[in-house]
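As provided, protein-v5.pdb (PDB, C-alpha atoms) reads as follows.
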ATOM      1  CA  MET Q   1       5.807  24.774  54.256
ATOM      2  CA  ALA Q   2       2.448  25.608  55.777
ATOM      3  CA  ALA Q   3       0.124  22.909  57.027
ATOM      4  CA  LYS Q   4      -2.198  21.611  54.369
ATOM      5  CA  LYS Q   5      -5.765  22.833  54.527
ATOM      6  CA  THR Q   6      -8.737  20.547  54.123
ATOM      7  CA  ALA Q   7     -11.969  21.360  52.386
ATOM      8  CA  ASP Q   8     -15.441  19.934  52.117
ATOM      9  CA  VAL Q   9     -15.761  18.382  48.687
ATOM     10  CA  THR Q  10     -18.843  16.848  47.157
ATOM     11  CA  THR Q  11     -18.314  14.088  44.607
ATOM     12  CA  ALA Q  12     -20.713  12.200  42.386
ATOM     13  CA  ALA Q  13     -20.484   9.271  44.808
ATOM     14  CA  ASP Q  14     -21.703  11.325  47.774
ATOM     15  CA  ALA Q  15     -23.879  13.898  46.024
ATOM     16  CA  GLY Q  16     -26.556  13.251  48.633
ATOM     17  CA  GLY Q  17     -25.062  16.020  50.721
ATOM     18  CA  ALA Q  18     -22.298  14.245  52.637
ATOM     19  CA  ALA Q  19     -18.960  15.985  52.713
ATOM     20  CA  VAL Q  20     -15.612  14.379  52.060
ATOM     21  CA  SER Q  21     -12.503  15.813  53.668
ATOM     22  CA  ALA Q  22      -9.700  16.221  51.149
ATOM     23  CA  ALA Q  23      -6.121  17.441  51.195
ATOM     24  CA  PRO Q  24      -4.791  19.226  48.100
ATOM     25  CA  GLY Q  25      -2.504  17.176  45.917
ATOM     26  CA  LEU Q  26      -3.964  13.800  46.851
ATOM     27  CA  ALA Q  27      -6.274  11.666  44.772
ATOM     28  CA  GLU Q  28      -9.472  12.625  46.595
ATOM     29  CA  ALA Q  29     -11.886  11.068  44.127
ATOM     30  CA  ALA Q  30     -11.670   8.268  41.617
ATOM     31  CA  PRO Q  31     -11.957   9.353  37.976
ATOM     32  CA  GLY Q  32     -15.645   9.769  37.179
ATOM     33  CA  GLU Q  33     -16.328  11.009  40.710
ATOM     34  CA  LEU Q  34     -14.916  14.484  40.324
ATOM     35  CA  ALA Q  35     -15.431  17.294  42.817
ATOM     36  CA  VAL Q  36     -18.189  19.859  42.358
ATOM     37  CA  ARG Q  37     -19.193  22.934  44.312
ATOM     38  CA  PRO Q  38     -22.179  22.760  46.632
ATOM     39  CA  GLY Q  39     -25.395  23.013  44.622
ATOM     40  CA  GLU Q  40     -23.823  21.839  41.364
ATOM     41  CA  GLU Q  41     -24.875  18.696  39.559
ATOM     42  CA  PRO Q  42     -22.265  15.904  39.721
ATOM     43  CA  TRP Q  43     -20.100  15.241  36.671
ATOM     44  CA  THR Q  44     -21.731  12.698  34.394
ATOM     45  CA  PRO Q  45     -19.613  10.083  32.614
ATOM     46  CA  GLN Q  46     -20.486  11.853  29.336
ATOM     47  CA  GLU Q  47     -19.241  15.227  30.659
ATOM     48  CA  VAL Q  48     -16.015  13.614  31.876
ATOM     49  CA  ALA Q  49     -15.558  11.968  28.455
ATOM     50  CA  GLU Q  50     -16.191  15.321  26.731
ATOM     51  CA  ALA Q  51     -13.628  17.060  28.958
ATOM     52  CA  ARG Q  52     -11.085  14.307  28.261
ATOM     53  CA  ALA Q  53     -11.740  14.438  24.502
ATOM     54  CA  GLU Q  54     -11.364  18.225  24.473
ATOM     55  CA  LEU Q  55      -8.083  18.047  26.400
ATOM     56  CA  GLU Q  56      -6.712  15.232  24.220
ATOM     57  CA  GLY Q  57      -7.679  17.159  21.079
ATOM     58  CA  GLU Q  58      -5.911  20.210  22.452
ATOM     59  CA  VAL Q  59      -2.762  18.130  23.119
ATOM     60  CA  SER Q  60      -2.755  16.903  19.511
ATOM     61  CA  ARG Q  61      -3.319  20.409  18.145
ATOM     62  CA  LEU Q  62      -0.581  21.900  20.307
ATOM     63  CA  GLN Q  63       1.906  19.172  19.411
ATOM     64  CA  ALA Q  64       1.287  19.863  15.708
ATOM     65  CA  GLU Q  65       1.579  23.614  16.305
ATOM     66  CA  LEU Q  66       4.864  23.118  18.159
ATOM     67  CA  ALA Q  67       6.281  20.925  15.396
ATOM     68  CA  ALA Q  68       5.382  23.529  12.764
ATOM     69  CA  SER Q  69       6.774  26.335  14.904
ATOM     70  CA  GLU Q  70      10.033  24.486  15.530
ATOM     71  CA  ALA Q  71      10.393  23.803  11.791
ATOM     72  CA  ALA Q  72       9.823  27.485  11.050
ATOM     73  CA  LEU Q  73      12.333  28.461  13.734
ATOM     74  CA  SER Q  74      14.883  26.052  12.322
ATOM     75  CA  GLY Q  75      14.506  27.695   8.912
ATOM     76  CA  LEU Q  76      14.752  31.173  10.401
ATOM     77  CA  MET Q  77      17.885  30.268  12.351
ATOM     78  CA  ARG Q  78      19.488  28.711   9.283
ATOM     79  CA  ASP Q  79      18.714  31.751   7.124
ATOM     80  CA  SER Q  80      19.672  34.423   9.673
ATOM     81  CA  GLY Q  81      22.259  36.733   8.230
ATOM     82  CA  GLU Q  82      22.925  34.616   5.134
ATOM     83  CA  GLY Q  83      23.077  36.007   1.651
ATOM     84  CA  ALA Q  84      24.547  39.037  -0.015
ATOM     85  CA  GLY Q  85      22.630  42.239  -0.382
ATOM     86  CA  HIS Q  86      20.775  42.068   2.937
ATOM     87  CA  ASP Q  87      20.594  45.426   4.594
ATOM     88  CA  GLU Q  88      19.994  46.223   8.257
ATOM     89  CA  ALA Q  89      16.230  46.442   7.713
ATOM     90  CA  ASP Q  90      16.167  42.886   6.327
ATOM     91  CA  THR Q  91      18.203  41.640   9.278
ATOM     92  CA  GLY Q  92      15.947  43.473  11.723
ATOM     93  CA  THR Q  93      12.837  42.023  10.109
ATOM     94  CA  LYS Q  94      14.299  38.511  10.326
ATOM     95  CA  ASN Q  95      15.164  39.050  13.989
ATOM     96  CA  ILE Q  96      11.658  40.254  14.798
ATOM     97  CA  THR Q  97      10.128  37.328  12.905
ATOM     98  CA  ARG Q  98      12.401  34.869  14.725
ATOM     99  CA  GLU Q  99      11.600  36.371  18.137
ATOM    100  CA  HIS Q 100       7.876  36.301  17.347
ATOM    101  CA  GLU Q 101       8.086  32.636  16.327
ATOM    102  CA  MET Q 102      10.049  31.836  19.504
ATOM    103  CA  ALA Q 103       7.368  33.520  21.628
ATOM    104  CA  LEU Q 104       4.623  31.554  19.861
ATOM    105  CA  ALA Q 105       6.517  28.303  20.425
ATOM    106  CA  ALA Q 106       7.043  29.099  24.118
ATOM    107  CA  ASN Q 107       3.348  29.883  24.534
ATOM    108  CA  ALA Q 108       2.321  26.655  22.780
ATOM    109  CA  ARG Q 109       4.768  24.677  24.951
ATOM    110  CA  ALA Q 110       3.381  26.198  28.168
ATOM    111  CA  THR Q 111      -0.212  25.551  27.082
ATOM    112  CA  LEU Q 112       0.703  21.967  26.172
ATOM    113  CA  GLU Q 113       2.189  21.434  29.648
ATOM    114  CA  GLN Q 114      -0.971  22.852  31.275
ATOM    115  CA  THR Q 115      -3.173  20.617  29.119
ATOM    116  CA  GLU Q 116      -1.144  17.489  29.889
ATOM    117  CA  HIS Q 117      -1.301  18.414  33.595
ATOM    118  CA  ALA Q 118      -5.098  18.687  33.338
ATOM    119  CA  LEU Q 119      -5.238  15.183  31.824
ATOM    120  CA  GLN Q 120      -3.063  13.858  34.658
ATOM    121  CA  ARG Q 121      -5.410  15.473  37.189
ATOM    122  CA  LEU Q 122      -8.372  13.921  35.402
ATOM    123  CA  ASP Q 123      -6.732  10.485  35.664
ATOM    124  CA  ALA Q 124      -5.859  11.030  39.337
ATOM    125  CA  GLY Q 125      -9.355  12.214  40.263
ATOM    126  CA  THR Q 126      -8.125  15.661  41.345
ATOM    127  CA  TYR Q 127      -9.494  17.460  38.277
ATOM    128  CA  GLY Q 128     -11.662  20.348  39.421
ATOM    129  CA  LEU Q 129      -9.934  20.828  42.779
ATOM    130  CA  CYS Q 130      -7.994  24.013  43.502
ATOM    131  CA  GLU Q 131      -4.274  23.278  43.807
ATOM    132  CA  VAL Q 132      -3.926  25.936  46.518
ATOM    133  CA  CYS Q 133      -6.868  25.462  48.882
ATOM    134  CA  GLY Q 134      -8.240  22.072  47.787
ATOM    135  CA  LYS Q 135     -11.792  23.361  47.352
ATOM    136  CA  PRO Q 136     -13.790  22.569  44.212
ATOM    137  CA  ILE Q 137     -13.089  24.987  41.365
ATOM    138  CA  GLY Q 138     -16.585  24.688  39.977
ATOM    139  CA  LYS Q 139     -17.911  22.547  37.183
ATOM    140  CA  ALA Q 140     -18.936  25.497  34.994
ATOM    141  CA  ARG Q 141     -15.459  27.039  35.287
ATOM    142  CA  MET Q 142     -13.812  23.706  34.416
ATOM    143  CA  GLN Q 143     -16.071  23.305  31.384
ATOM    144  CA  ALA Q 144     -15.275  26.845  30.234
ATOM    145  CA  PHE Q 145     -11.523  26.577  30.954
ATOM    146  CA  PRO Q 146     -10.536  22.896  31.237
ATOM    147  CA  ARG Q 147      -6.928  23.703  32.217
ATOM    148  CA  ALA Q 148      -7.944  25.657  35.341
ATOM    149  CA  THR Q 149      -5.999  24.675  38.458
ATOM    150  CA  LEU Q 150      -7.193  27.408  40.821
ATOM    151  CA  CYS Q 151     -10.585  28.409  42.175
ATOM    152  CA  VAL Q 152     -11.735  31.932  41.324
ATOM    153  CA  GLU Q 153     -10.700  33.279  44.740
ATOM    154  CA  ASP Q 154      -7.142  31.908  44.558
ATOM    155  CA  LYS Q 155      -6.776  32.973  40.914
ATOM    156  CA  GLN Q 156      -7.743  36.527  41.898
ATOM    157  CA  LYS Q 157      -5.187  36.462  44.752
ATOM    158  CA  GLN Q 158      -2.510  35.234  42.308
ATOM    159  CA  GLU Q 159      -3.295  37.992  39.827
ATOM    160  CA  ARG Q 160      -3.201  40.682  42.525
ATOM    161  CA  ARG Q 161       0.273  39.517  43.605
ATOM    162  CA  GLY Q 162       1.381  40.000  40.034
TER     163      GLY Q 162
END

Please, can you express the file's structure as structure tokens?
Amino acid sequence: MAAKKTADVTTAADAGGAAVSAAPGLAEAAPGELAVRPGEEPWTPQEVAEARAELEGEVSRLQAELAASEAALSGLMRDSGEGAGHDEADTGTKNITREHEMALAANARATLEQTEHALQRLDAGTYGLCEVCGKPIGKARMQAFPRATLCVEDKQKQERRG
């Protein structure tokens, strides 16, 4: 494992320009004192509450979506291949429908995990810090995509690697 990098991080508590050294993966800031990029306004308690409410709403929505998807999958599994008079086209259609429903469920499950992870980071005070380099992700990026775990630079590197 490579040595952990440190980064200058500005929090609401030290927005006067002082830098705080932080190592990725540690609770660098208390909740409510989340990291921002240089030149950005600190997170306000209202913005933190809005981010939390959005993430919690997403968790509820995804849990309901997963329950519905699992119920649909259960029905599709139960009905697969049953009944007289089904031809190969009917069986193929059922298989495609089942695979589509499984893909939707897997996507919802992955998004739910990301959303729960974002809430954990919010509680730990690491929300808004890149999980690779430890630098602030950027408040605007976090507000646009609350589940972000990487800064733009590291996300681009990840996408280039495939």

For Q:Ile137, find every residue with an atom within 9 Å (counting only C-alpha atoms), except residues of its own chain fewer than 6 positions away, and show them as a ChimeraX atom specification.
/Q:35-37,127-130,148-152

For a quick check of understanding, using all atoms listed in the file, which of Q:Asp90, Q:Glu99, Q:Asp154, Q:Glu56 has the smallest distance to Q:Thr115?
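Nearest to Q:Thr115: Q:Glu56.
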
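Across the structure, atom CA of Q:Ala124 and atom CA of Q:Gly57 are spaced 19.3 Å apart.
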
Minimum-distance residue to Q:Arg109, chosen among Q:Leu34, Q:Gln63, Q:Gln158, Q:Pro45 (using all atoms listed in the file):
Q:Gln63

Top pick for closest residue to Q:Pro146, considering Q:His117, Q:Arg61, Q:Arg78, Q:Lys94 and counting all atoms listed in the file
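Counting all atoms listed in the file, the residue closest to Q:Pro146 is Q:His117.
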
Find the distance between atom CA of Q:Glu65 and atom CA of Q:Glu50 and write it in Å to one decimal.
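Between atom CA of Q:Glu65 and atom CA of Q:Glu50 the gap is 22.2 Å.
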
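A straight line drawn from atom CA of Q:Ala108 to atom CA of Q:Ser60 is 11.5 Å long.
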